Structures are given as structure tokens and as C-alpha cells.
file work.cif (mmCIF, C-alpha atoms)
data_query
loop_
_atom_site.label_atom_id
_atom_site.label_comp_id
_atom_site.auth_asym_id
_atom_site.auth_seq_id
_atom_site.Cartn_x
_atom_site.Cartn_y
_atom_site.Cartn_z
CA MET A 1 -294.16 -2.56 65.33
CA THR A 2 -294.46 0.62 67.34
CA ASP A 3 -290.72 1.23 67.66
CA THR A 4 -288.95 4.05 65.83
CA ASN A 5 -286.33 3.48 63.18
CA ILE A 6 -283.01 5.33 63.34
CA GLU A 7 -280.12 5.25 60.89
CA LEU A 8 -276.57 6.61 60.85
CA THR A 9 -275.82 8.77 57.83
CA SER A 10 -272.79 10.51 56.33
CA THR A 11 -273.26 13.79 54.45
CA ILE A 12 -270.81 16.12 52.73
CA SER A 13 -272.01 19.67 52.22
CA GLU A 14 -270.99 22.20 49.58
CA ASP A 15 -269.06 24.16 52.21
CA ASN A 16 -266.50 21.35 52.62
CA LYS A 17 -268.00 19.78 55.75
CA LEU A 18 -268.61 16.15 56.63
CA GLU A 19 -271.50 15.50 59.02
CA LEU A 20 -272.21 12.17 60.71
CA ALA A 21 -275.60 12.06 62.37
CA LEU A 22 -278.53 9.88 63.37
CA ARG A 23 -281.87 10.49 61.77
CA GLU A 24 -285.31 9.03 62.29
CA ILE A 25 -286.82 7.19 59.32
CA GLU A 26 -289.89 5.06 58.72
CA ILE A 27 -289.90 1.35 59.46
CA PRO A 28 -290.05 -0.22 55.98
CA GLN A 29 -292.67 -2.58 54.61
CA PRO A 30 -291.40 -5.66 52.76
CA GLY A 31 -292.11 -6.43 49.13
CA GLU A 32 -292.84 -9.93 47.84
CA ASN A 33 -289.24 -11.18 48.07
CA GLN A 34 -288.08 -8.96 50.91
CA VAL A 35 -287.82 -9.19 54.68
CA VAL A 36 -287.60 -6.60 57.43
CA ILE A 37 -284.72 -7.28 59.83
CA ARG A 38 -284.51 -6.01 63.38
CA ILE A 39 -280.76 -5.34 63.35
CA GLU A 40 -279.03 -6.51 66.50
CA ALA A 41 -275.36 -6.38 65.45
CA ALA A 42 -273.32 -4.71 62.71
CA PRO A 43 -269.51 -4.58 62.50
CA ILE A 44 -267.37 -1.57 61.65
CA ASN A 45 -265.13 -2.71 58.78
CA PRO A 46 -262.47 -0.65 56.98
CA SER A 47 -264.76 -0.53 53.93
CA ASP A 48 -267.44 1.11 56.10
CA LEU A 49 -265.05 3.86 57.12
CA GLY A 50 -264.54 4.80 53.49
CA VAL A 51 -268.23 5.69 53.24
CA MET A 52 -268.45 7.06 56.76
CA PHE A 53 -265.47 9.43 56.71
CA SER A 54 -265.02 9.76 52.93
CA ALA A 55 -262.29 12.33 52.22
CA ALA A 56 -262.67 14.21 55.51
CA ASP A 57 -259.70 15.07 57.70
CA MET A 58 -260.83 13.41 60.92
CA THR A 59 -258.18 15.22 62.95
CA THR A 60 -260.50 18.23 62.60
CA ALA A 61 -263.54 16.34 63.96
CA SER A 62 -265.76 17.94 66.58
CA GLN A 63 -268.84 16.68 68.39
CA SER A 64 -272.14 18.42 69.03
CA GLY A 65 -275.80 17.46 69.41
CA SER A 66 -277.29 15.58 72.36
CA ALA A 67 -276.38 12.37 74.18
CA ASP A 68 -278.81 10.27 72.15
CA ARG A 69 -278.41 12.26 68.91
CA PRO A 70 -274.72 13.16 68.66
CA VAL A 71 -273.40 14.90 65.56
CA ILE A 72 -269.82 14.64 64.32
CA SER A 73 -268.46 17.32 62.01
CA ALA A 74 -265.12 17.42 60.18
CA ASP A 75 -263.47 19.40 57.40
CA VAL A 76 -263.02 18.03 53.90
CA PRO A 77 -259.84 19.47 52.32
CA PRO A 78 -260.81 21.54 49.24
CA LYS A 79 -258.50 19.48 47.00
CA PHE A 80 -260.68 16.40 47.61
CA MET A 81 -264.06 17.99 46.97
CA GLY A 82 -263.89 17.26 43.25
CA ALA A 83 -263.54 13.55 43.94
CA VAL A 84 -266.68 13.46 46.11
CA LYS A 85 -268.86 15.91 44.17
CA LYS A 86 -271.44 13.23 43.30
CA ARG A 87 -272.28 12.68 46.96
CA VAL A 88 -272.39 16.34 48.00
CA GLY A 89 -275.69 17.13 49.70
CA LYS A 90 -276.76 13.48 49.91
CA SER A 91 -277.27 11.68 53.23
CA ILE A 92 -275.52 8.34 52.67
CA PRO A 93 -276.57 5.45 54.96
CA VAL A 94 -273.53 3.73 56.47
CA GLY A 95 -272.78 0.06 57.16
CA ASN A 96 -272.27 -2.82 54.72
CA GLU A 97 -273.46 -5.82 56.70
CA GLY A 98 -275.01 -7.04 59.92
CA ALA A 99 -277.37 -9.57 61.46
CA GLY A 100 -280.65 -9.69 63.32
CA THR A 101 -284.13 -11.17 63.51
CA VAL A 102 -286.63 -11.17 60.65
CA VAL A 103 -289.74 -9.43 62.03
CA ALA A 104 -291.74 -9.06 58.81
CA ALA A 105 -291.68 -10.91 55.49
CA GLY A 106 -293.08 -10.53 52.00
CA SER A 107 -295.65 -12.85 50.46
CA SER A 108 -293.27 -15.27 48.72
CA ALA A 109 -292.68 -18.66 50.30
CA ALA A 110 -288.93 -17.99 50.48
CA ALA A 111 -289.49 -14.74 52.36
CA GLN A 112 -292.06 -16.28 54.71
CA SER A 113 -289.64 -19.13 55.52
CA LEU A 114 -287.29 -16.59 57.12
CA LEU A 115 -289.89 -15.04 59.45
CA GLY A 116 -288.63 -15.18 63.03
CA LYS A 117 -285.21 -16.49 61.92
CA THR A 118 -281.83 -14.96 62.68
CA VAL A 119 -280.18 -13.89 59.43
CA ALA A 120 -277.04 -12.12 58.31
CA PHE A 121 -277.28 -9.69 55.41
CA ILE A 122 -275.24 -7.52 53.08
CA GLY A 123 -276.24 -4.54 51.00
CA GLY A 124 -275.70 -1.27 52.81
CA GLY A 125 -277.31 0.86 55.47
CA SER A 126 -276.78 -1.63 58.29
CA TYR A 127 -276.20 1.02 60.95
CA ARG A 128 -279.88 1.36 61.71
CA LYS A 129 -282.54 -0.36 63.82
CA TYR A 130 -284.67 -1.86 61.04
CA LEU A 131 -283.71 -2.69 57.47
CA CYS A 132 -285.61 -4.04 54.48
CA ALA A 133 -283.50 -6.51 52.50
CA ASN A 134 -283.99 -8.75 49.49
CA ILE A 135 -283.90 -12.42 50.46
CA GLN A 136 -280.99 -12.93 48.04
CA SER A 137 -278.94 -10.62 50.26
CA CYS A 138 -279.67 -12.70 53.37
CA LEU A 139 -277.96 -15.72 54.86
CA GLU A 140 -280.02 -17.79 57.28
CA LEU A 141 -277.84 -18.56 60.28
CA GLU A 142 -277.85 -22.02 61.77
CA PRO A 143 -279.89 -22.58 64.96
CA GLY A 144 -277.95 -21.45 68.03
CA THR A 145 -276.00 -18.77 66.16
CA THR A 146 -276.48 -15.30 67.66
CA ALA A 147 -276.69 -12.08 65.69
CA ALA A 148 -273.35 -10.97 67.17
CA GLU A 149 -271.71 -14.22 66.01
CA GLY A 150 -273.17 -13.83 62.52
CA ALA A 151 -272.78 -10.07 62.09
CA SER A 152 -269.58 -10.42 60.02
CA SER A 153 -270.80 -13.22 57.76
CA PHE A 154 -270.17 -11.50 54.45
CA VAL A 155 -267.39 -8.94 53.99
CA ASN A 156 -264.43 -10.67 55.64
CA PRO A 157 -265.47 -14.33 55.14
CA LEU A 158 -266.42 -13.88 51.48
CA THR A 159 -263.30 -11.80 50.80
CA ALA A 160 -261.03 -14.43 52.37
CA LEU A 161 -262.73 -17.25 50.47
CA ALA A 162 -262.67 -15.22 47.25
CA MET A 163 -258.91 -14.85 47.63
CA VAL A 164 -258.52 -18.62 47.84
CA GLU A 165 -260.88 -19.25 44.91
CA THR A 166 -259.14 -16.57 42.82
CA MET A 167 -255.82 -18.26 43.54
CA ARG A 168 -257.24 -21.54 42.26
CA ALA A 169 -258.99 -20.03 39.24
CA GLU A 170 -255.84 -18.22 38.10
CA GLY A 171 -253.57 -21.24 38.47
CA HIS A 172 -251.50 -20.21 41.50
CA LYS A 173 -250.73 -22.61 44.33
CA ALA A 174 -250.01 -20.45 47.38
CA ILE A 175 -250.89 -16.98 48.67
CA VAL A 176 -249.10 -13.96 50.14
CA HIS A 177 -251.20 -11.74 52.42
CA ALA A 178 -250.18 -8.39 53.90
CA ALA A 179 -251.42 -6.86 57.16
CA ALA A 180 -252.00 -10.49 57.94
CA ALA A 181 -252.80 -10.21 61.65
CA SER A 182 -256.09 -8.45 60.88
CA ASN A 183 -259.45 -10.07 61.54
CA LEU A 184 -259.60 -11.02 57.86
CA GLY A 185 -256.00 -12.21 57.94
CA GLN A 186 -256.66 -14.53 60.86
CA MET A 187 -259.68 -15.89 59.00
CA LEU A 188 -257.64 -16.48 55.84
CA ASN A 189 -255.02 -18.26 57.92
CA ARG A 190 -257.64 -20.66 59.31
CA ILE A 191 -259.04 -21.32 55.83
CA CYS A 192 -255.60 -22.07 54.38
CA ILE A 193 -254.69 -24.40 57.24
CA ALA A 194 -257.99 -26.27 56.83
CA ASP A 195 -257.65 -26.48 53.04
CA GLY A 196 -253.94 -27.35 52.98
CA ILE A 197 -252.86 -24.15 51.21
CA ASP A 198 -249.52 -22.51 51.94
CA LEU A 199 -249.94 -18.91 53.10
CA VAL A 200 -247.15 -16.36 53.54
CA ASN A 201 -248.25 -13.83 56.16
CA ILE A 202 -246.67 -10.34 56.16
CA VAL A 203 -246.93 -8.40 59.44
CA ARG A 204 -245.05 -5.41 60.86
CA LYS A 205 -244.81 -6.15 64.59
CA PRO A 206 -243.28 -9.04 66.59
CA GLU A 207 -246.48 -9.49 68.61
CA GLN A 208 -248.45 -9.91 65.37
CA GLU A 209 -245.98 -12.57 64.26
CA ALA A 210 -246.41 -14.36 67.59
CA LEU A 211 -250.20 -14.17 67.30
CA LEU A 212 -250.27 -15.85 63.90
CA ARG A 213 -247.71 -18.50 64.83
CA ASP A 214 -249.79 -19.35 67.88
CA MET A 215 -252.69 -19.86 65.47
CA GLY A 216 -250.66 -22.38 63.48
CA ALA A 217 -249.25 -20.14 60.75
CA LYS A 218 -246.07 -21.61 59.26
CA TYR A 219 -244.82 -18.69 57.18
CA VAL A 220 -244.78 -15.27 58.88
CA VAL A 221 -242.41 -12.47 57.87
CA ASN A 222 -241.99 -9.06 59.49
CA SER A 223 -241.81 -6.12 57.08
CA SER A 224 -240.10 -4.02 59.78
CA SER A 225 -237.18 -6.44 59.99
CA ASP A 226 -233.84 -5.71 58.31
CA SER A 227 -233.99 -9.21 56.83
CA PHE A 228 -237.53 -8.79 55.44
CA MET A 229 -236.66 -9.15 51.75
CA ALA A 230 -234.49 -12.22 52.38
CA ASP A 231 -237.10 -13.75 54.69
CA LEU A 232 -239.90 -13.14 52.20
CA THR A 233 -237.88 -14.55 49.32
CA GLU A 234 -237.11 -17.71 51.30
CA ALA A 235 -240.80 -18.16 52.16
CA LEU A 236 -241.70 -17.72 48.50
CA ILE A 237 -239.11 -20.30 47.46
CA GLU A 238 -240.60 -22.79 49.92
CA THR A 239 -244.24 -22.13 49.02
CA GLY A 240 -244.09 -21.18 45.35
CA ALA A 241 -246.56 -18.35 46.00
CA THR A 242 -247.07 -16.10 42.97
CA ILE A 243 -250.25 -14.27 44.01
CA ALA A 244 -250.57 -11.69 46.78
CA PHE A 245 -253.37 -9.68 48.37
CA ASP A 246 -252.46 -6.31 49.85
CA PRO A 247 -254.83 -4.11 51.91
CA ILE A 248 -252.16 -1.43 52.45
CA GLY A 249 -252.09 -0.13 48.89
CA GLY A 250 -249.70 2.80 49.03
CA GLY A 251 -245.92 2.68 49.37
CA ARG A 252 -243.55 0.07 48.01
CA LEU A 253 -244.84 -3.17 49.56
CA ALA A 254 -246.43 -4.38 46.31
CA SER A 255 -243.12 -3.71 44.56
CA ASP A 256 -241.16 -5.55 47.26
CA ILE A 257 -243.47 -8.57 46.98
CA LEU A 258 -243.05 -8.73 43.20
CA THR A 259 -239.27 -8.32 43.53
CA CYS A 260 -239.07 -11.23 45.97
CA MET A 261 -241.39 -13.34 43.82
CA GLU A 262 -239.12 -12.75 40.83
CA ALA A 263 -236.05 -13.68 42.88
CA ALA A 264 -237.77 -16.86 44.05
CA VAL A 265 -239.00 -18.07 40.66
CA SER A 266 -235.83 -17.15 38.76
CA ARG A 267 -233.31 -18.69 41.16
CA ASN A 268 -232.91 -21.77 38.96
CA MET A 269 -232.87 -19.99 35.60
CA THR A 270 -229.87 -21.16 33.60
CA GLU A 271 -230.01 -18.45 30.95
CA TYR A 272 -230.15 -14.69 31.45
CA SER A 273 -233.11 -12.80 30.00
CA VAL A 274 -233.46 -9.04 29.95
CA TYR A 275 -237.20 -9.63 30.34
CA GLY A 276 -236.89 -11.67 33.52
CA SER A 277 -238.71 -14.92 34.22
CA ASP A 278 -241.81 -15.91 32.24
CA ILE A 279 -243.71 -16.97 35.38
CA TYR A 280 -246.60 -14.60 35.97
CA LYS A 281 -246.73 -12.81 39.32
CA GLN A 282 -249.85 -11.01 40.57
CA VAL A 283 -250.50 -8.53 43.38
CA TYR A 284 -254.08 -7.50 44.14
CA ILE A 285 -254.72 -4.30 46.08
CA TYR A 286 -257.91 -4.57 48.14
CA GLY A 287 -257.58 -1.72 50.64
CA GLY A 288 -256.13 1.70 51.30
CA LEU A 289 -254.47 1.66 54.71
CA ASP A 290 -251.78 3.78 53.06
CA ARG A 291 -253.48 6.31 50.79
CA GLY A 292 -250.21 7.47 49.25
CA PRO A 293 -249.06 6.53 45.74
CA ILE A 294 -248.03 2.98 44.90
CA THR A 295 -244.31 2.90 44.14
CA LEU A 296 -243.11 0.20 41.75
CA ASN A 297 -239.35 -0.23 41.41
CA ARG A 298 -239.19 -2.24 38.21
CA SER A 299 -236.85 -5.06 39.19
CA PHE A 300 -239.18 -8.00 38.55
CA GLY A 301 -239.21 -8.56 34.81
CA PHE A 302 -242.29 -8.19 32.63
CA ALA A 303 -244.55 -11.08 33.69
CA TRP A 304 -246.50 -9.35 36.43
CA GLY A 305 -249.65 -7.43 37.28
CA VAL A 306 -250.95 -5.07 39.96
CA ASN A 307 -254.73 -4.79 40.01
CA GLY A 308 -257.56 -3.76 42.26
CA PHE A 309 -259.52 -6.48 44.04
CA LEU A 310 -263.16 -5.77 44.89
CA LEU A 311 -265.27 -8.50 46.48
CA PHE A 312 -268.34 -8.14 44.30
CA ASN A 313 -266.31 -8.09 41.09
CA ALA A 314 -264.42 -11.18 42.23
CA LEU A 315 -267.65 -13.03 43.05
CA GLY A 316 -268.98 -12.18 39.59
CA LYS A 317 -265.93 -13.78 37.98
CA LEU A 318 -266.11 -16.87 40.20
CA GLY A 319 -269.76 -17.60 39.33
CA LYS A 320 -272.99 -18.32 41.18
CA ASP A 321 -272.26 -21.94 42.08
CA THR A 322 -268.94 -21.07 43.72
CA ALA A 323 -270.51 -18.13 45.57
CA ALA A 324 -273.37 -20.33 46.83
CA ALA A 325 -270.90 -22.93 48.11
CA MET A 326 -268.94 -20.19 49.86
CA ARG A 327 -272.06 -18.89 51.63
CA LYS A 328 -273.01 -22.40 52.74
CA ARG A 329 -269.56 -22.95 54.22
CA ILE A 330 -269.68 -19.64 56.06
CA ALA A 331 -272.99 -20.47 57.73
CA ALA A 332 -271.66 -23.88 58.81
CA GLU A 333 -268.35 -22.54 60.16
CA ILE A 334 -269.31 -19.08 61.46
CA LYS A 335 -268.29 -20.00 65.02
CA THR A 336 -264.95 -21.53 64.01
CA THR A 337 -263.21 -20.76 60.71
CA PHE A 338 -265.10 -17.50 60.18
CA ALA A 339 -265.45 -16.34 63.76
CA SER A 340 -264.95 -12.63 64.39
CA HIS A 341 -263.85 -11.17 67.71
CA TYR A 342 -264.77 -7.69 68.89
CA THR A 343 -262.99 -5.58 71.46
CA HIS A 344 -265.74 -2.95 71.76
CA GLU A 345 -269.54 -2.93 71.55
CA VAL A 346 -271.31 0.40 71.10
CA SER A 347 -274.79 1.74 70.41
CA LEU A 348 -275.57 3.85 67.35
CA ALA A 349 -275.01 6.96 69.46
CA GLY A 350 -271.89 5.38 70.97
CA ALA A 351 -270.37 5.04 67.49
CA LEU A 352 -270.59 8.82 67.11
CA GLN A 353 -268.32 9.69 70.01
CA LEU A 354 -264.93 11.26 69.40
CA ASP A 355 -263.17 8.83 71.74
CA ALA A 356 -264.65 5.84 69.91
CA ILE A 357 -263.82 7.29 66.48
CA SER A 358 -260.22 7.88 67.58
CA VAL A 359 -259.93 4.13 68.19
CA TYR A 360 -261.82 2.49 65.31
CA GLY A 361 -260.69 5.19 62.89
CA LYS A 362 -257.10 3.92 63.18
CA GLN A 363 -258.09 0.52 61.73
CA ALA A 364 -255.63 -1.03 64.17
CA THR A 365 -255.16 -4.77 64.59
CA GLY A 366 -257.09 -6.04 67.60
CA GLU A 367 -259.45 -3.06 67.82
CA LYS A 368 -262.69 -4.18 66.14
CA PHE A 369 -266.00 -2.49 66.97
CA LEU A 370 -269.48 -3.98 66.87
CA ILE A 371 -272.51 -1.67 66.72
CA LYS A 372 -275.62 -2.90 68.53
CA PRO A 373 -278.41 -0.69 67.14
CA GLN A 374 -281.02 -1.84 69.64
CA SER A 375 -278.92 -0.70 72.64
#
call {"tool": "encode", "arguments": {"input": "work.cif", "output": "C-alpha cells"}}
result
Amino acid sequence: MTDTNIELTSTISEDNKLELALREIEIPQPGENQVVIRIEAAPINPSDLGVMFSAADMTTASQSGSADRPVISADVPPKFMGAVKKRVGKSIPVGNEGAGTVVAAGSSAAAQSLLGKTVAFIGGGSYRKYLCANIQSCLELEPGTTAAEGASSFVNPLTALAMVETMRAEGHKAIVHAAAASNLGQMLNRICIADGIDLVNIVRKPEQEALLRDMGAKYVVNSSSDSFMADLTEALIETGATIAFDPIGGGRLASDILTCMEAAVSRNMTEYSVYGSDIYKQVYIYGGLDRGPITLNRSFGFAWGVNGFLLFNALGKLGKDTAAAMRKRIAAEIKTTFASHYTHEVSLAGALQLDAISVYGKQATGEKFLIKPQS
């Protein structure tokens, strides 16, 4: 290979500055159980933005550099510097997943079997032209699947499936999902329809409600509606859902969900208890769309929990066999159940433009970016 390798990095300096830039690096050589992937597509997920922007105030962002080597700078508020001190001065590669063609392979038979194949991968640093990955981090895509179609084979599909498997493992029978019109939410909706699982979708706009209902969703409630609490309680009575997944994080939504769950499960209680119902109710926080504090108004008894939900931790609890079955299903259904749709495609340099950042930085429903590093 005579091409150059370029990667997108995020660096915080000691003088409270975030810098996003492209730098030239060597094309890697694979070890025995590794492959080198020519990356052709990599999505921008909310989890990528956490690494990319860190604690910077992106309203202060400015752009410099050249057309093919743009540089984005932004201020990091002093109060947040303590939280990011371990990454100060380090150029952090950005991007959790992607897909492309295997152009070099290590000596093992498993690695050699992927040579020339289109694979998806997870493991970090996907916003670059060439990446060396362990074969265990790769998913061979079925013939006829493009890199763009397989670019989002891990984060959203595995998270959605892990939610369903966590529900089963913990003895719940239905799910509540917030910000449900997202790419992941649409995916979870398709999984639940296919698997016969009741799903209560929480959205905040009428058009998001219409979108999900057009996709076959039965239970959709609008958190902006005056009747939200009553609507959610009714949906919980009908479904029996006692587990929820919330990417918003801050505010009182987790509290509202638990309150409605308690109202739903205790409606037939014949005796009063100061401790509430004994049916356990669980809310998992898996994102930070609202970075404010979580407010819990304790009106839901004592049988409840609010915990963080991280994909890799969840997969560890579910076990290797379950994870392997999940990956197999994703590869088979990447064009249907696990299909991702992108509204914008940009080059590596195109991702470092203020106008692009102003769009994908909002993490808005229906605005998903795909980076094409070879462009």
C-alpha cells in the first residue's frame, strides 16, 4: 500500500483548549490474529461525541487550518478540567466502529480467511483511513453487504439486543424506551415487533410519534403532552413493563417512569403499605442527552433501582454464547432489522467543519452522519 493514513484526534491541552485535528500516521502491519481494514464508512454516534468534544463548550468553537487539514478549537470550562485531567496532552483517536475491506491479514488461518472481505469492526479509532483490528473485534458481513450498510453493526444493534436480553435475564416482560424515535429506538422497535415483545416508546414530538406508529409501534407516549403521566401509566398497565432504558439521563424522566410503574403495578393492591409495592422496577441510564442532575421524587416505594447501562458491561453479564448469537443475528439482518439510515455523508475533513458540527453535535433525531474516510 502506497497510500497515506490519516486519523481524526481529539486533544485537550493544559490551557483549557480542545483541539480536533487530522494527523498523518503510519499504515499498520497486522499481527498473527489481526487484520488491516481499509475503512470506507464510520458512523457518528452520541458515544463518539463524548470522546470527540469531551467537556468542551462547543458554542466557543472556531475553525482554522486548511481545506484538507481543518482544525477545530474550543474552550473547556475550568470547572471541568479536573474531570478530564487524565487525557490532558494526549491525542485521543475518535470513532467507535465502522466497516471496510480487509487489505492485509496476519498469519493465522482465521485472519487469512478475512482477506479481501468486507467486515464491520468495533474498538476505537475508526475515524481514519486504515485500522489494525483483532479478528475478535470484526464481524464478517454477508456477501452483497456494503461497508455503508454495515458501518453501524455494533454500537446500536448490540445495545438494542442487549436491552432485550437484559430484560429477559432480569425477569421482566416488557420494555420502556425513552428518546424512542432515535436510530437505536427504531431498531429496538423492529426487534420487539419481530420477537413479540411489548415496547412502550417515549417521544417528545408529535412527528416522532407518527414516525414510530407508521413503523408498527403500538405504544407511543409523548412526554410533552399534558396527559403524559396518565398515558404512560395506561401503557404500563397494558404491557406490564417494569424495566426502562433512558438515554436522556438528567431531569426527572427516570423518576416519572418509576412513578408510573408504581401506579401501574399497585393498582390492584388491596392493602396499603408505606413501602409501596414489592414488584421491582428498574431504570437504566445509558446516555447523557441532558447532562444535568437526575431528579428522583420518591413516590414509587422502595422496590426500585436506577443504574448505569454500558454495552460492554452488559455483554459481559450476558455471556459469550448470547453475544455470539447476537452478532450472528446482526450480520443476517443488517439490511432489515438493524438497518441504519444516514442523512449526511462527509469526508474526514468534512467532519471538521463548523456547519457540520452544528448539526451532528445536536444529536437530533433524523440527523445521522456517516464519515467516509476514503473520500
call {"tool": "closest_residue", "arguments": {"input": "work.cif", "among": "A:Gly124, A:Ala56, A:Ser273, A:Lys328", "to": "Glu140 in chain A", "atoms": "all atoms listed in the file"}}
result
A:Lys328
call {"tool": "residues_around", "arguments": {"input": "work.cif", "residues": "Gln136 in chain A", "least_positions_apart": "5", "cutoff": "10 Å", "atoms": "only C-alpha atoms", "output": "list in words"}}
result
Asn33, Gln34, Ala110, Ala111, Phe121 and Ile122 of chain A
call {"tool": "write_last_selection", "arguments": {"input": "work.cif", "atoms": "C-alpha atoms", "output": "compact mmCIF listing (two decimals), keeping the file's coordinate frame"}}
result
# COMPACT_ATOMS: atom_id res chain seq x y z
CA ASN A 33 -289.24 -11.18 48.07
CA GLN A 34 -288.08 -8.96 50.91
CA ALA A 110 -288.93 -17.99 50.48
CA ALA A 111 -289.49 -14.74 52.36
CA PHE A 121 -277.28 -9.69 55.41
CA ILE A 122 -275.24 -7.52 53.08
call {"tool": "closest_residue", "arguments": {"input": "work.cif", "among": "A:Val176, A:Ala181, A:Ala244, A:Leu188", "to": "Val200 in chain A", "atoms": "all atoms listed in the file"}}
result
A:Val176
call {"tool": "resolve_selection", "arguments": {"input": "work.cif", "expression": "the PyMOL selection byres ((chain A and resi 4) around 10)", "output": "PyMOL selection string"}}
result
chain A and resi 1-3+5-6+24-27+129-130
call {"tool": "residues_near_point", "arguments": {"input": "work.cif", "point": "(-265.9, -8.2, 46.1)", "cutoff": "10 Å", "atoms": "all atoms listed in the file", "output": "PyMOL selection string"}}
result
chain A and resi 154-156+158-159+162-163+286+309-317
call {"tool": "write_last_selection", "arguments": {"input": "work.cif", "atoms": "C-alpha atoms", "output": "short mmCIF file (atom, residue, chain, number, x, y, z; two decimals), in the coordinates of the input"}}
result
data_model
loop_
_atom_site.label_atom_id
_atom_site.label_comp_id
_atom_site.auth_asym_id
_atom_site.auth_seq_id
_atom_site.Cartn_x
_atom_site.Cartn_y
_atom_site.Cartn_z
CA PHE A 154 -270.17 -11.50 54.45
CA VAL A 155 -267.39 -8.94 53.99
CA ASN A 156 -264.43 -10.67 55.64
CA LEU A 158 -266.42 -13.88 51.48
CA THR A 159 -263.30 -11.80 50.80
CA ALA A 162 -262.67 -15.22 47.25
CA MET A 163 -258.91 -14.85 47.63
CA TYR A 286 -257.91 -4.57 48.14
CA PHE A 309 -259.52 -6.48 44.04
CA LEU A 310 -263.16 -5.77 44.89
CA LEU A 311 -265.27 -8.50 46.48
CA PHE A 312 -268.34 -8.14 44.30
CA ASN A 313 -266.31 -8.09 41.09
CA ALA A 314 -264.42 -11.18 42.23
CA LEU A 315 -267.65 -13.03 43.05
CA GLY A 316 -268.98 -12.18 39.59
CA LYS A 317 -265.93 -13.78 37.98
#
call {"tool": "residues_around", "arguments": {"input": "work.cif", "residues": "range 19-21 of chain A", "least_positions_apart": "6", "cutoff": "6 Å", "atoms": "all atoms listed in the file", "output": "PyMOL selection string"}}
result
chain A and resi 8-11+71-73
call {"tool": "atom_distance", "arguments": {"input": "work.cif", "atom1": "CA of Asn45 in chain A", "atom2": "CA of Asn96 in chain A"}}
result
8.2 Å
call {"tool": "resolve_selection", "arguments": {"input": "work.cif", "expression": "the PyMOL selection byres ((chain A and resi 345) around 12)", "output": "JSON, numbers by chain"}}
result
{"A": [40, 41, 42, 43, 44, 148, 341, 342, 343, 344, 346, 347, 348, 349, 350, 351, 356, 360, 367, 368, 369, 370, 371, 372, 373, 374, 375]}
call {"tool": "decode", "arguments": {"input": "work.cif", "residues": "range 53-69 of chain A", "atoms": "N, CA and C atoms", "output": "CSV table (one decimal), in the first residue's frame"}}
result
chain,number,residue,atom,x,y,z
A,53,PHE,N,-15.8,15.7,21.7
A,53,PHE,CA,-16.0,17.0,22.3
A,53,PHE,C,-15.6,17.1,23.8
A,54,SER,N,-15.6,15.9,24.5
A,54,SER,CA,-15.3,15.8,25.9
A,54,SER,C,-16.1,16.9,26.7
A,55,ALA,N,-15.4,17.7,27.5
A,55,ALA,CA,-16.1,18.7,28.3
A,55,ALA,C,-16.1,20.1,27.7
A,56,ALA,N,-15.7,20.2,26.4
A,56,ALA,CA,-15.6,21.5,25.8
A,56,ALA,C,-17.0,22.1,25.6
A,57,ASP,N,-17.0,23.4,25.6
A,57,ASP,CA,-18.1,24.2,25.3
A,57,ASP,C,-18.1,24.5,23.8
A,58,MET,N,-18.9,23.8,23.0
A,58,MET,CA,-18.8,23.8,21.6
A,58,MET,C,-19.4,25.1,21.0
A,59,THR,N,-20.0,25.9,21.8
A,59,THR,CA,-20.5,27.2,21.4
A,59,THR,C,-19.3,28.2,21.2
A,60,THR,N,-18.2,27.8,21.7
A,60,THR,CA,-17.0,28.6,21.5
A,60,THR,C,-16.1,28.2,20.4
A,61,ALA,N,-16.6,27.2,19.7
A,61,ALA,CA,-15.7,26.5,18.6
A,61,ALA,C,-15.3,27.5,17.5
A,62,SER,N,-14.1,27.4,17.0
A,62,SER,CA,-13.6,28.1,15.9
A,62,SER,C,-12.9,27.2,15.0
A,63,GLN,N,-12.8,27.5,13.7
A,63,GLN,CA,-12.1,26.7,12.7
A,63,GLN,C,-10.9,27.4,12.1
A,64,SER,N,-9.8,26.6,12.0
A,64,SER,CA,-8.6,27.1,11.3
A,64,SER,C,-8.0,26.0,10.5
A,65,GLY,N,-6.8,26.1,10.1
A,65,GLY,CA,-6.1,25.1,9.3
A,65,GLY,C,-6.5,25.3,7.8
A,66,SER,N,-6.3,24.3,7.0
A,66,SER,CA,-6.5,24.3,5.6
A,66,SER,C,-7.8,23.5,5.2
A,67,ALA,N,-8.1,23.5,3.9
A,67,ALA,CA,-9.3,22.8,3.5
A,67,ALA,C,-9.2,21.3,3.7
A,68,ASP,N,-8.0,20.7,3.5
A,68,ASP,CA,-7.9,19.3,3.7
A,68,ASP,C,-7.3,18.9,5.1
A,69,ARG,N,-6.9,19.9,5.8
A,69,ARG,CA,-6.5,19.7,7.2
A,69,ARG,C,-7.1,20.7,8.2
